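Peer 1: Have a look at this one.
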Amino acid sequence: RIALVEELHNPPMGFVENWLQSAGWEKFKEVPSLVPRNAVLGINDGIHMKAMLFNDEIFAGYDRLVYIDSDAWVRSSKIADLLDPSILSSMPIAMTYDWNDPKMFNTGVMVYRPNKAMFHEVFGMVMAGWDHDQPSINAAYEGQIATLDPVFNVHGPAVSSGNATAEDAVIVHFTGQVPSKGMFADADHLRSMRFGGGADASYGLVGAGCLYTEYFRWMASEHCQQVVSHLLRSELNKALSDVE
C-alpha cells in the first residue's frame, strides 16, 4: 500500500509518515504542494497533487495502480477484484461514473497505468486551470476510459438513484463538503452519523444512512481507535458518551 503525501511544513512529514505506517501503509511517495495560479483557494487545497499520480517516474516499476481518495473507505475484500489485469485490457484507465454529474467519471477511485505523456497532459491542464483534478483527467482521457462497476465507488446519489446498493458497496466514497465527510472530527457530526445522518444533501452519499452508521462503528472500534488522530478519537468518544 502506497500513500501519496503532499509535502507540507505542518505537520512535519516524518510525523505524517510514522502515523500512516502505524495504520498499515507500507510505502510513501512525497510530492510537492501544487497550487495552480488560477485556483480557488480553500475548497480544493491539496487536491491538485493528484496530477502526480500519472508520473511514471514517481511510480517506476509499477505497471498498474489502484488509486483511492483519502475520503473513501474500503469496506470489502472484493477490492482485490480491481487487480484483475483484464480491467485495462483495452483502455489505459478505468473509473465509475460520477453520479453527481453523470457526463463525467469520478476520479475518487481509478485503476490506471502511469504514463509520461498522459502525466504531462493532465499536469498541464490542472496547473493552467482553476478547478479540481476531475475535469482535467476526464478531458485528457476522453474516449479512453473503461467503466468500473458502481460498487467500487459508491458516492453521491449512487444508492438513491438505484445505480448501486449499500449492501454491495465495496468502496464507500464520502463526497461533499468537508464538514460532511465520514471522517470529519466533530462530535455533533459523528453523533449524527451514528444514527444514519451526516450526508451532504447536495453532493454527499444520500440515501445510504446505514453506511454512515457502519463507518462510525468501524471508526469507534478498538482497532481503529489506536490509529485515528487524537482529535478524531476525542470527538468519537464524545459522540459515544453523549448517548450512552
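Naming works like this for the C-alpha cells: A, B, ... for the chains as they're shown, residue 1 at the start of each chain, ligands 1 onward in shown order.
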Mind checking DSSP for range 22-243 of chain A and telling me the alpha helix (DSSP H) residues as a PyMOL selection string?

Peer 2: chain A and resi 22+116-128+133-140+187-194+209-219+222-225+230-241

Peer 1: Find the residue from A:Lys50, A:Lys78, A:His230, A:Lys29 that sits nearest to Val170 in chain A; use only C-alpha atoms when measuring.

Peer 2: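 Among the listed residues, the smallest separation from Val170 in chain A belongs to A:Lys78.
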
Peer 1: Might you pull out every residue within 6 Å of range 97-110 of chain A, with only C-alpha atoms counted and same-chain residues fewer than 3 positions away left off, and present them as a list in words?

Peer 2: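 Using only C-alpha atoms, the neighbours found are Val66, Tyr67, Ile68, Asp69, Ala94, Gln134, Gly156, Pro157 and Ala158 of chain A.
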
Peer 1: Would you give me, as JSON lines, each residue of range 101-184 of chain A having an atom within 12 Å of an atom of range 212-221 of chain A, along with its shortest atom pair and that distance in Å to one decimal, using only C-alpha atoms and sorting by chain and residue number?

Peer 2:
{"residue": "A:His155", "atom": "CA", "partner": "A:Tyr212", "partner_atom": "CA", "distance": 11.8}
{"residue": "A:Ala166", "atom": "CA", "partner": "A:Tyr212", "partner_atom": "CA", "distance": 10.2}
{"residue": "A:Glu167", "atom": "CA", "partner": "A:Glu214", "partner_atom": "CA", "distance": 10.9}
{"residue": "A:Ala169", "atom": "CA", "partner": "A:Glu214", "partner_atom": "CA", "distance": 11.7}
{"residue": "A:Ile171", "atom": "CA", "partner": "A:Tyr215", "partner_atom": "CA", "distance": 11.4}
{"residue": "A:Val172", "atom": "CA", "partner": "A:Tyr215", "partner_atom": "CA", "distance": 9.2}
{"residue": "A:His173", "atom": "CA", "partner": "A:Tyr212", "partner_atom": "CA", "distance": 10.6}
{"residue": "A:Phe174", "atom": "CA", "partner": "A:Tyr212", "partner_atom": "CA", "distance": 9.0}
{"residue": "A:Ser180", "atom": "CA", "partner": "A:Tyr212", "partner_atom": "CA", "distance": 10.5}
{"residue": "A:Lys181", "atom": "CA", "partner": "A:Tyr212", "partner_atom": "CA", "distance": 9.7}
{"residue": "A:Gly182", "atom": "CA", "partner": "A:Tyr212", "partner_atom": "CA", "distance": 6.8}
{"residue": "A:Met183", "atom": "CA", "partner": "A:Met219", "partner_atom": "CA", "distance": 8.4}
{"residue": "A:Phe184", "atom": "CA", "partner": "A:Phe216", "partner_atom": "CA", "distance": 10.8}

Peer 1: Output N, CA, C and O atoms of each residue in that selection to a file, as a tab-separated table (two decimals), in the first residue's frame.

Peer 2:
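Final file, part28.tsv:
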chain	number	residue	atom	x	y	z
A	155	HIS	N	-20.92	6.69	-4.16
A	155	HIS	CA	-20.86	8.08	-3.74
A	155	HIS	C	-22.10	8.82	-4.23
A	155	HIS	O	-22.87	8.29	-5.04
A	166	ALA	N	-26.34	-0.22	-0.95
A	166	ALA	CA	-25.45	-0.10	0.20
A	166	ALA	C	-24.87	-1.45	0.58
A	166	ALA	O	-23.70	-1.56	0.94
A	167	GLU	N	-25.68	-2.49	0.46
A	167	GLU	CA	-25.24	-3.83	0.83
A	167	GLU	C	-24.05	-4.29	0.02
A	167	GLU	O	-23.14	-4.96	0.52
A	169	ALA	N	-21.76	-2.37	-1.54
A	169	ALA	CA	-20.68	-1.39	-1.65
A	169	ALA	C	-19.34	-2.00	-1.27
A	169	ALA	O	-19.19	-2.58	-0.19
A	171	ILE	N	-16.26	0.01	-2.06
A	171	ILE	CA	-15.58	1.24	-1.63
A	171	ILE	C	-16.64	2.31	-1.45
A	171	ILE	O	-17.41	2.61	-2.37
A	172	VAL	N	-16.70	2.89	-0.27
A	172	VAL	CA	-17.65	3.95	0.05
A	172	VAL	C	-16.91	5.27	0.00
A	172	VAL	O	-15.89	5.45	0.67
A	173	HIS	N	-17.40	6.20	-0.81
A	173	HIS	CA	-16.72	7.46	-1.05
A	173	HIS	C	-17.57	8.60	-0.48
A	173	HIS	O	-18.66	8.88	-0.98
A	174	PHE	N	-17.06	9.24	0.58
A	174	PHE	CA	-17.82	10.29	1.26
A	174	PHE	C	-17.63	11.64	0.56
A	174	PHE	O	-16.92	12.52	1.04
A	180	SER	N	-19.07	17.32	6.12
A	180	SER	CA	-19.96	16.16	6.00
A	180	SER	C	-19.20	14.87	5.70
A	180	SER	O	-19.82	13.82	5.51
A	181	LYS	N	-17.88	14.94	5.63
A	181	LYS	CA	-17.09	13.74	5.37
A	181	LYS	C	-17.25	12.74	6.52
A	181	LYS	O	-17.42	13.12	7.68
A	182	GLY	N	-17.15	11.48	6.19
A	182	GLY	CA	-17.33	10.45	7.21
A	182	GLY	C	-16.31	10.50	8.32
A	182	GLY	O	-16.57	10.05	9.44
A	183	MET	N	-15.12	11.05	8.00
A	183	MET	CA	-14.04	11.09	8.99
A	183	MET	C	-13.82	12.50	9.57
A	183	MET	O	-12.80	12.74	10.21
A	184	PHE	N	-14.79	13.40	9.37
A	184	PHE	CA	-14.64	14.76	9.90
A	184	PHE	C	-14.75	14.73	11.43
A	184	PHE	O	-15.72	14.22	11.99

Peer 1: Find the spatial neighbours of Ser234 in chain A, counting only C-alpha atoms, within a cut-off of 10 Å - ignore same-chain residues fewer than 4 positions away - and output them as a list in words.

Peer 2: Ala185, Asp186, Ala187, Gln225, Val228, Ser229, His230, Lys238, Ala239 and Leu240 of chain A
